[in-house]
Amino acid sequence: MEQKQVQEKVILVGCETVEEESRFSYSMEELASLTETAKGEVVASLTQKRERIHPSTYIGKGKVAELKALALELQADLIVFNDELTPSQVRNISSEIEARIIDRTQLILDIFAQRARSKEGKLQVELAQLQYLLPRLGGQGIQLSRLGAGIGTRGPGETKLESDRRHIRRRIDDIKSQLSVIVQHRDRYRERRKKNKTFQIALVGYTNAGKSTLFNRLTEADAFEENQLFATLDPLTRKLILPSGFTTLLTDTVGFIQDLPTTLIAAFRSTLEEVKEADLLLHVVDMSNPDYFQHEKTVNGLLEDMDVIQIPQLTVYNKRDLQHPDFVPTAKTETMLISAYNEEDCNLLKQKIESVIISQMVAYDVDIPATEGKLLSQLKNETILRRLIFDEEKQLYVCNGFYLRGHQISGKLQQYIK
C-alpha cells in the first residue's frame with residue numbers, strides 16, 4: 001500500500017464535562033493516537049469546560065467561532081470531535097466551518113476499515129459504517145429533494161434521500177445475511193472444538209497492549225503486529241503447546257478501547273463470541289502506559305457487559321522492560337509480569353498457564369496394560385501426563401496426571417483406577 005505524501009491536517013476538539021473530569025486529558029491523548037493511526041497530523045487541540053455538552057453545537061457558540069478562525073488560520077482539512085456527535089450537531093457545525101467534520105466513532109470506523117483483512121472483518125466494518133451513516137443521512141440540504149414545486153408537498157417521486165436510505169437498508173440486510181453464513185461456519189468449528197474437549201484460551205486487552213506480539217511468541221504464528229492502535233481486527237486461532245506437551249488453542253482478539261462505539265461492538269459480535277467460548281482469559285495489560293489502570297478497568301467493564309466475568313482470568317502485565325515508574329499491579333486475579341520479547345518470560349508464562357489449567361482439572365492415578373496403546377497415546381495428547389513408568393513385572397504402565405472435567409477419557413480410565 002503506497003503512503004500518502006501529504007497527511008491531512010487535523011484539529012481535535014473536546015468538551016470536558018463534570019463526569020468526564022478524571023479521564024478527559026487521557027481521552028484527548030488517545031484521540032491524538034487514533035488520529036496518527038489513521039494517518040492524520042494533529043496541528044491543534046481545542047477544549048472547553050462545560051456543565052454539559054451543548055445540544056446543538058457540542059461546544060459553545062463562542063468556541064465554534066474560535067474553531068472557525070483556527071481552522072482558517074491553520075488550513076485544517078479535518079476536525080475531529082472527541083465524542084459521538086448527533087446528526088443535528090454535525091449539520092450545525094458544518095454550516096459554520098468549511099473543514100470536514102467527523103467524530104470519534106467515525107475515526108475508529110475509518111481505522112477499522114483500513115485494518116480489516118478477512119472477508120468477515122471487511123463486512124463487519126462496512127455494516128458498522130452503514131449503521132452509523134443511516135440516521136445521519138437526514139437533511140443534508142435542500143439539494144437532496146427531487147420533489148417538484150407543486151401545491152403542498154406532492155411531487156413526482158421519492159426524494160434522493162429516501163432512495164439512499166432504501167439502498168443502505170438493502171445493503172445492511174445483504175451484509176447481515178452474508179455474516180450469518182460466516183457465523184454458522186464459526187459455530188460449527190466451535191462445536192467441533194467442544195466435542196473434542198479442546199481447552200480454549202482467549203487473549204483480551206486494551207488496544208496496543210501487545211496481544212499479537214505475545215500471541216506470535218507463544219504459538220510461533222505470524223499475526224500482524226505493529227505499535228499502533230487496532231493492529232489486529234481478525235481473530236486468529238493457533239495451537240499453543242504447554243511444557244507438558246498438552247495442546248490448547250489460543251485466540252488473538254480485537255483490542256478494546258474506552259467508549260468503543262456500540263455499532264462496532266454489535267458488528268464484531270462473532271469475533272467477541274470467541275471470548276465467550278474460552279475456558280481461560282489472558283488479560284494483557286501494557287504496564288508501560290501511564291493509564292494502565294484505566295485500560296484495565298475499561299476491559300473489565302466490557303467483559304462484564306459481555307457477561308464473561310465468570311471465566312477464569314490470568315492478568316498478564318506486559319512490557320516489563322519499559323515498566324512505568326508508578327506501576328503497581330492492581331488486578332484481583334492471578335497476575336504475571338512479563339516482556340513478550342523475552343523467551344524466558346514466555347516459557348514461565350506457559351508454565352503459569354499450565355498450573356492455572358491444572359487447578360481446573362481432575363487428577364487421575366491409573367495402571368494401564370501395555371496392550372492399551374491407543375489409550376496411552378490419548379493420555380499423552382489429551383491430558384497433562386505427570387508420570388509414566390513401565391512396571392516390567394506386571395507389564396503395566398503406571399500413569400498419573402490431570403484431565404479436563406467432562407472429557408470422554410474419564411469413562412475409559414474408571415476401570416483402571418487403583
# chains A, B, ... in the order shown; residues from 1 in each chain; ligands from 1
call {"tool": "residues_around", "arguments": {"residues": "stretch 274-283 of chain A", "least_positions_apart": "5", "cutoff": "7 Å", "atoms": "only C-alpha atoms", "output": "list in words"}}
result
Phe199, Gln200, Ile201, Ala202, Leu203, Val204, Gly205, Val308, Ile311, Pro312, Gln313, Leu314, Thr315 and Val316 of chain A
call {"tool": "residues_around", "arguments": {"residues": "A:Ile97", "least_positions_apart": "4", "cutoff": "12 Å", "atoms": "only C-alpha atoms", "output": "JSON, numbers by chain"}}
result
{"A": [57, 63, 64, 65, 66, 67, 68, 69, 70, 71, 72, 75, 76, 77, 78, 79, 90, 91, 92, 93, 101]}
call {"tool": "select_by_dssp", "arguments": {"residues": "stretch 26-120 of chain A", "states": "helix (DSSP H, G or I)", "output": "PDB file with N, CA, C and O atoms, in the first residue's frame"}}
result
ATOM      1  N   TYR A  26      -6.729  12.170  29.306  1.00  0.00           N
ATOM      2  CA  TYR A  26      -6.310  10.885  28.754  1.00  0.00           C
ATOM      3  C   TYR A  26      -7.074  10.573  27.462  1.00  0.00           C
ATOM      4  O   TYR A  26      -6.485  10.116  26.482  1.00  0.00           O
ATOM      5  N   SER A  27      -8.391  10.860  27.451  1.00  0.00           N
ATOM      6  CA  SER A  27      -9.164  10.522  26.239  1.00  0.00           C
ATOM      7  C   SER A  27      -8.771  11.430  25.076  1.00  0.00           C
ATOM      8  O   SER A  27      -8.822  11.022  23.921  1.00  0.00           O
ATOM      9  N   MET A  28      -8.309  12.659  25.375  1.00  0.00           N
ATOM     10  CA  MET A  28      -7.823  13.547  24.302  1.00  0.00           C
ATOM     11  C   MET A  28      -6.500  13.023  23.722  1.00  0.00           C
ATOM     12  O   MET A  28      -6.271  13.073  22.521  1.00  0.00           O
ATOM     13  N   GLU A  29      -5.633  12.511  24.613  1.00  0.00           N
ATOM     14  CA  GLU A  29      -4.357  11.924  24.152  1.00  0.00           C
ATOM     15  C   GLU A  29      -4.638  10.704  23.265  1.00  0.00           C
ATOM     16  O   GLU A  29      -3.991  10.484  22.243  1.00  0.00           O
ATOM     17  N   GLU A  30      -5.638   9.932  23.690  1.00  0.00           N
ATOM     18  CA  GLU A  30      -5.996   8.739  22.925  1.00  0.00           C
ATOM     19  C   GLU A  30      -6.546   9.130  21.555  1.00  0.00           C
ATOM     20  O   GLU A  30      -6.260   8.471  20.553  1.00  0.00           O
ATOM     21  N   LEU A  31      -7.312  10.228  21.523  1.00  0.00           N
ATOM     22  CA  LEU A  31      -7.862  10.722  20.253  1.00  0.00           C
ATOM     23  C   LEU A  31      -6.714  11.115  19.307  1.00  0.00           C
ATOM     24  O   LEU A  31      -6.765  10.862  18.107  1.00  0.00           O
ATOM     25  N   ALA A  32      -5.643  11.716  19.885  1.00  0.00           N
ATOM     26  CA  ALA A  32      -4.470  12.082  19.073  1.00  0.00           C
ATOM     27  C   ALA A  32      -3.797  10.822  18.522  1.00  0.00           C
ATOM     28  O   ALA A  32      -3.413  10.773  17.346  1.00  0.00           O
ATOM     29  N   SER A  33      -3.698   9.759  19.353  1.00  0.00           N
ATOM     30  CA  SER A  33      -3.105   8.487  18.887  1.00  0.00           C
ATOM     31  C   SER A  33      -3.948   7.868  17.786  1.00  0.00           C
ATOM     32  O   SER A  33      -3.414   7.338  16.802  1.00  0.00           O
ATOM     33  N   LEU A  34      -5.267   7.932  17.962  1.00  0.00           N
ATOM     34  CA  LEU A  34      -6.167   7.390  16.932  1.00  0.00           C
ATOM     35  C   LEU A  34      -5.985   8.149  15.617  1.00  0.00           C
ATOM     36  O   LEU A  34      -5.967   7.558  14.542  1.00  0.00           O
ATOM     37  N   THR A  35      -5.835   9.473  15.714  1.00  0.00           N
ATOM     38  CA  THR A  35      -5.656  10.305  14.513  1.00  0.00           C
ATOM     39  C   THR A  35      -4.360   9.937  13.802  1.00  0.00           C
ATOM     40  O   THR A  35      -4.322   9.821  12.578  1.00  0.00           O
ATOM     41  N   GLU A  36      -3.282   9.743  14.570  1.00  0.00           N
ATOM     42  CA  GLU A  36      -1.998   9.348  13.970  1.00  0.00           C
ATOM     43  C   GLU A  36      -2.106   7.977  13.310  1.00  0.00           C
ATOM     44  O   GLU A  36      -1.567   7.748  12.224  1.00  0.00           O
ATOM     45  N   THR A  37      -2.818   7.058  13.983  1.00  0.00           N
ATOM     46  CA  THR A  37      -3.019   5.726  13.412  1.00  0.00           C
ATOM     47  C   THR A  37      -3.761   5.813  12.082  1.00  0.00           C
ATOM     48  O   THR A  37      -3.491   5.058  11.157  1.00  0.00           O
ATOM     49  N   LYS A  61     -21.232  28.505  21.412  1.00  0.00           N
ATOM     50  CA  LYS A  61     -21.214  29.313  20.173  1.00  0.00           C
ATOM     51  C   LYS A  61     -19.896  30.085  20.026  1.00  0.00           C
ATOM     52  O   LYS A  61     -19.335  30.181  18.938  1.00  0.00           O
ATOM     53  N   GLY A  62     -19.393  30.630  21.126  1.00  0.00           N
ATOM     54  CA  GLY A  62     -18.127  31.392  21.095  1.00  0.00           C
ATOM     55  C   GLY A  62     -16.964  30.511  20.675  1.00  0.00           C
ATOM     56  O   GLY A  62     -16.100  30.919  19.893  1.00  0.00           O
ATOM     57  N   LYS A  63     -16.976  29.266  21.202  1.00  0.00           N
ATOM     58  CA  LYS A  63     -15.896  28.335  20.865  1.00  0.00           C
ATOM     59  C   LYS A  63     -15.967  27.918  19.394  1.00  0.00           C
ATOM     60  O   LYS A  63     -14.955  27.663  18.764  1.00  0.00           O
ATOM     61  N   VAL A  64     -17.198  27.830  18.867  1.00  0.00           N
ATOM     62  CA  VAL A  64     -17.359  27.479  17.448  1.00  0.00           C
ATOM     63  C   VAL A  64     -16.704  28.555  16.576  1.00  0.00           C
ATOM     64  O   VAL A  64     -15.990  28.261  15.614  1.00  0.00           O
ATOM     65  N   ALA A  65     -16.921  29.830  16.963  1.00  0.00           N
ATOM     66  CA  ALA A  65     -16.314  30.948  16.222  1.00  0.00           C
ATOM     67  C   ALA A  65     -14.787  30.868  16.307  1.00  0.00           C
ATOM     68  O   ALA A  65     -14.072  31.095  15.315  1.00  0.00           O
ATOM     69  N   GLU A  66     -14.284  30.520  17.514  1.00  0.00           N
ATOM     70  CA  GLU A  66     -12.832  30.385  17.725  1.00  0.00           C
ATOM     71  C   GLU A  66     -12.277  29.244  16.856  1.00  0.00           C
ATOM     72  O   GLU A  66     -11.219  29.356  16.246  1.00  0.00           O
ATOM     73  N   LEU A  67     -13.038  28.140  16.793  1.00  0.00           N
ATOM     74  CA  LEU A  67     -12.643  26.979  15.996  1.00  0.00           C
ATOM     75  C   LEU A  67     -12.608  27.335  14.506  1.00  0.00           C
ATOM     76  O   LEU A  67     -11.699  26.929  13.776  1.00  0.00           O
ATOM     77  N   LYS A  68     -13.593  28.128  14.082  1.00  0.00           N
ATOM     78  CA  LYS A  68     -13.678  28.552  12.674  1.00  0.00           C
ATOM     79  C   LYS A  68     -12.419  29.339  12.281  1.00  0.00           C
ATOM     80  O   LYS A  68     -11.796  29.085  11.247  1.00  0.00           O
ATOM     81  N   ALA A  69     -12.038  30.287  13.171  1.00  0.00           N
ATOM     82  CA  ALA A  69     -10.848  31.117  12.917  1.00  0.00           C
ATOM     83  C   ALA A  69      -9.582  30.253  12.895  1.00  0.00           C
ATOM     84  O   ALA A  69      -8.705  30.425  12.038  1.00  0.00           O
ATOM     85  N   LEU A  70      -9.508  29.308  13.851  1.00  0.00           N
ATOM     86  CA  LEU A  70      -8.338  28.427  13.959  1.00  0.00           C
ATOM     87  C   LEU A  70      -8.205  27.543  12.711  1.00  0.00           C
ATOM     88  O   LEU A  70      -7.106  27.361  12.177  1.00  0.00           O
ATOM     89  N   ALA A  71      -9.340  27.023  12.244  1.00  0.00           N
ATOM     90  CA  ALA A  71      -9.336  26.156  11.058  1.00  0.00           C
ATOM     91  C   ALA A  71      -8.862  26.918   9.826  1.00  0.00           C
ATOM     92  O   ALA A  71      -8.108  26.391   8.999  1.00  0.00           O
ATOM     93  N   LEU A  72      -9.278  28.179   9.705  1.00  0.00           N
ATOM     94  CA  LEU A  72      -8.852  29.005   8.568  1.00  0.00           C
ATOM     95  C   LEU A  72      -7.367  29.316   8.655  1.00  0.00           C
ATOM     96  O   LEU A  72      -6.625  29.214   7.683  1.00  0.00           O
ATOM     97  N   GLU A  73      -6.928  29.669   9.872  1.00  0.00           N
ATOM     98  CA  GLU A  73      -5.532  30.064  10.083  1.00  0.00           C
ATOM     99  C   GLU A  73      -4.577  28.900   9.796  1.00  0.00           C
ATOM    100  O   GLU A  73      -3.547  29.065   9.151  1.00  0.00           O
ATOM    101  N   LEU A  74      -4.944  27.699  10.270  1.00  0.00           N
ATOM    102  CA  LEU A  74      -4.052  26.537  10.115  1.00  0.00           C
ATOM    103  C   LEU A  74      -4.338  25.744   8.838  1.00  0.00           C
ATOM    104  O   LEU A  74      -3.681  24.747   8.572  1.00  0.00           O
ATOM    105  N   PRO A  87     -26.670  13.906  14.497  1.00  0.00           N
ATOM    106  CA  PRO A  87     -26.774  14.443  13.126  1.00  0.00           C
ATOM    107  C   PRO A  87     -26.970  15.964  13.103  1.00  0.00           C
ATOM    108  O   PRO A  87     -26.380  16.654  12.263  1.00  0.00           O
ATOM    109  N   SER A  88     -27.777  16.501  14.035  1.00  0.00           N
ATOM    110  CA  SER A  88     -28.021  17.959  14.022  1.00  0.00           C
ATOM    111  C   SER A  88     -26.766  18.733  14.430  1.00  0.00           C
ATOM    112  O   SER A  88     -26.498  19.819  13.901  1.00  0.00           O
ATOM    113  N   GLN A  89     -25.982  18.181  15.354  1.00  0.00           N
ATOM    114  CA  GLN A  89     -24.726  18.849  15.741  1.00  0.00           C
ATOM    115  C   GLN A  89     -23.786  18.936  14.543  1.00  0.00           C
ATOM    116  O   GLN A  89     -23.190  19.984  14.283  1.00  0.00           O
ATOM    117  N   VAL A  90     -23.665  17.840  13.789  1.00  0.00           N
ATOM    118  CA  VAL A  90     -22.797  17.842  12.606  1.00  0.00           C
ATOM    119  C   VAL A  90     -23.280  18.902  11.618  1.00  0.00           C
ATOM    120  O   VAL A  90     -22.489  19.679  11.073  1.00  0.00           O
ATOM    121  N   ARG A  91     -24.595  18.944  11.427  1.00  0.00           N
ATOM    122  CA  ARG A  91     -25.174  19.894  10.472  1.00  0.00           C
ATOM    123  C   ARG A  91     -24.897  21.336  10.896  1.00  0.00           C
ATOM    124  O   ARG A  91     -24.469  22.167  10.096  1.00  0.00           O
ATOM    125  N   ASN A  92     -25.136  21.611  12.183  1.00  0.00           N
ATOM    126  CA  ASN A  92     -24.954  22.985  12.686  1.00  0.00           C
ATOM    127  C   ASN A  92     -23.498  23.439  12.622  1.00  0.00           C
ATOM    128  O   ASN A  92     -23.201  24.575  12.252  1.00  0.00           O
ATOM    129  N   ILE A  93     -22.567  22.535  12.981  1.00  0.00           N
ATOM    130  CA  ILE A  93     -21.139  22.910  12.968  1.00  0.00           C
ATOM    131  C   ILE A  93     -20.670  23.074  11.517  1.00  0.00           C
ATOM    132  O   ILE A  93     -19.930  23.996  11.190  1.00  0.00           O
ATOM    133  N   SER A  94     -21.125  22.145  10.639  1.00  0.00           N
ATOM    134  CA  SER A  94     -20.712  22.213   9.225  1.00  0.00           C
ATOM    135  C   SER A  94     -21.168  23.498   8.549  1.00  0.00           C
ATOM    136  O   SER A  94     -20.513  23.987   7.623  1.00  0.00           O
ATOM    137  N   SER A  95     -22.308  24.055   8.996  1.00  0.00           N
ATOM    138  CA  SER A  95     -22.793  25.297   8.371  1.00  0.00           C
ATOM    139  C   SER A  95     -21.893  26.478   8.718  1.00  0.00           C
ATOM    140  O   SER A  95     -21.860  27.482   8.011  1.00  0.00           O
ATOM    141  N   GLU A  96     -21.115  26.332   9.797  1.00  0.00           N
ATOM    142  CA  GLU A  96     -20.214  27.417  10.227  1.00  0.00           C
ATOM    143  C   GLU A  96     -18.790  27.233   9.695  1.00  0.00           C
ATOM    144  O   GLU A  96     -18.079  28.191   9.452  1.00  0.00           O
ATOM    145  N   ARG A 104     -15.377  10.850  17.019  1.00  0.00           N
ATOM    146  CA  ARG A 104     -14.522   9.751  17.482  1.00  0.00           C
ATOM    147  C   ARG A 104     -14.942   8.405  16.866  1.00  0.00           C
ATOM    148  O   ARG A 104     -14.100   7.625  16.415  1.00  0.00           O
ATOM    149  N   THR A 105     -16.257   8.170  16.826  1.00  0.00           N
ATOM    150  CA  THR A 105     -16.769   6.909  16.275  1.00  0.00           C
ATOM    151  C   THR A 105     -16.353   6.750  14.818  1.00  0.00           C
ATOM    152  O   THR A 105     -15.869   5.687  14.412  1.00  0.00           O
ATOM    153  N   GLN A 106     -16.535   7.815  14.038  1.00  0.00           N
ATOM    154  CA  GLN A 106     -16.196   7.768  12.615  1.00  0.00           C
ATOM    155  C   GLN A 106     -14.706   7.509  12.416  1.00  0.00           C
ATOM    156  O   GLN A 106     -14.303   6.790  11.506  1.00  0.00           O
ATOM    157  N   LEU A 107     -13.901   8.095  13.297  1.00  0.00           N
ATOM    158  CA  LEU A 107     -12.449   7.928  13.212  1.00  0.00           C
ATOM    159  C   LEU A 107     -12.077   6.465  13.466  1.00  0.00           C
ATOM    160  O   LEU A 107     -11.275   5.867  12.731  1.00  0.00           O
ATOM    161  N   ILE A 108     -12.687   5.872  14.502  1.00  0.00           N
ATOM    162  CA  ILE A 108     -12.411   4.463  14.813  1.00  0.00           C
ATOM    163  C   ILE A 108     -12.876   3.570  13.661  1.00  0.00           C
ATOM    164  O   ILE A 108     -12.181   2.638  13.248  1.00  0.00           O
ATOM    165  N   LEU A 109     -14.043   3.892  13.099  1.00  0.00           N
ATOM    166  CA  LEU A 109     -14.546   3.119  11.957  1.00  0.00           C
ATOM    167  C   LEU A 109     -13.594   3.210  10.767  1.00  0.00           C
ATOM    168  O   LEU A 109     -13.372   2.233  10.051  1.00  0.00           O
ATOM    169  N   ASP A 110     -13.013   4.385  10.579  1.00  0.00           N
ATOM    170  CA  ASP A 110     -12.081   4.599   9.478  1.00  0.00           C
ATOM    171  C   ASP A 110     -10.829   3.723   9.660  1.00  0.00           C
ATOM    172  O   ASP A 110     -10.342   3.090   8.721  1.00  0.00           O
ATOM    173  N   ILE A 111     -10.323   3.678  10.892  1.00  0.00           N
ATOM    174  CA  ILE A 111      -9.147   2.848  11.189  1.00  0.00           C
ATOM    175  C   ILE A 111      -9.487   1.378  10.954  1.00  0.00           C
ATOM    176  O   ILE A 111      -8.721   0.628  10.344  1.00  0.00           O
ATOM    177  N   PHE A 112     -10.672   0.969  11.422  1.00  0.00           N
ATOM    178  CA  PHE A 112     -11.092  -0.416  11.233  1.00  0.00           C
ATOM    179  C   PHE A 112     -11.161  -0.752   9.745  1.00  0.00           C
ATOM    180  O   PHE A 112     -10.789  -1.838   9.330  1.00  0.00           O
ATOM    181  N   ALA A 113     -11.670   0.203   8.952  1.00  0.00           N
ATOM    182  CA  ALA A 113     -11.786  -0.036   7.503  1.00  0.00           C
ATOM    183  C   ALA A 113     -10.408  -0.228   6.873  1.00  0.00           C
ATOM    184  O   ALA A 113     -10.232  -1.052   5.976  1.00  0.00           O
ATOM    185  N   GLN A 114      -9.402   0.520   7.364  1.00  0.00           N
ATOM    186  CA  GLN A 114      -8.031   0.375   6.847  1.00  0.00           C
ATOM    187  C   GLN A 114      -7.415  -0.962   7.256  1.00  0.00           C
ATOM    188  O   GLN A 114      -6.604  -1.534   6.546  1.00  0.00           O
ATOM    189  N   ARG A 115      -7.805  -1.449   8.447  1.00  0.00           N
ATOM    190  CA  ARG A 115      -7.146  -2.623   9.030  1.00  0.00           C
ATOM    191  C   ARG A 115      -7.743  -3.971   8.619  1.00  0.00           C
ATOM    192  O   ARG A 115      -7.086  -4.988   8.689  1.00  0.00           O
ATOM    193  N   LYS A 119     -12.540 -11.407   4.818  1.00  0.00           N
ATOM    194  CA  LYS A 119     -13.851 -11.045   4.262  1.00  0.00           C
ATOM    195  C   LYS A 119     -14.805 -10.675   5.404  1.00  0.00           C
ATOM    196  O   LYS A 119     -15.547  -9.703   5.330  1.00  0.00           O
ATOM    197  N   GLU A 120     -14.741 -11.461   6.489  1.00  0.00           N
ATOM    198  CA  GLU A 120     -15.631 -11.210   7.620  1.00  0.00           C
ATOM    199  C   GLU A 120     -15.358  -9.840   8.233  1.00  0.00           C
ATOM    200  O   GLU A 120     -16.267  -9.061   8.502  1.00  0.00           O
TER     201      GLU A 120
END
call {"tool": "closest_residue", "arguments": {"among": "A:Val6, A:Leu12, A:Leu272, A:Ala370", "to": "A:Leu396", "atoms": "only C-alpha atoms"}}
result
A:Ala370
call {"tool": "closest_residue", "arguments": {"among": "A:Lys39, A:Lys160, A:Arg171, A:Lys239", "to": "A:Ala128", "atoms": "only C-alpha atoms"}}
result
A:Arg171
call {"tool": "closest_residue", "arguments": {"among": "A:Thr213, A:Thr333, A:Ser45, A:Gln131", "to": "A:Cys346", "atoms": "only C-alpha atoms"}}
result
A:Thr213
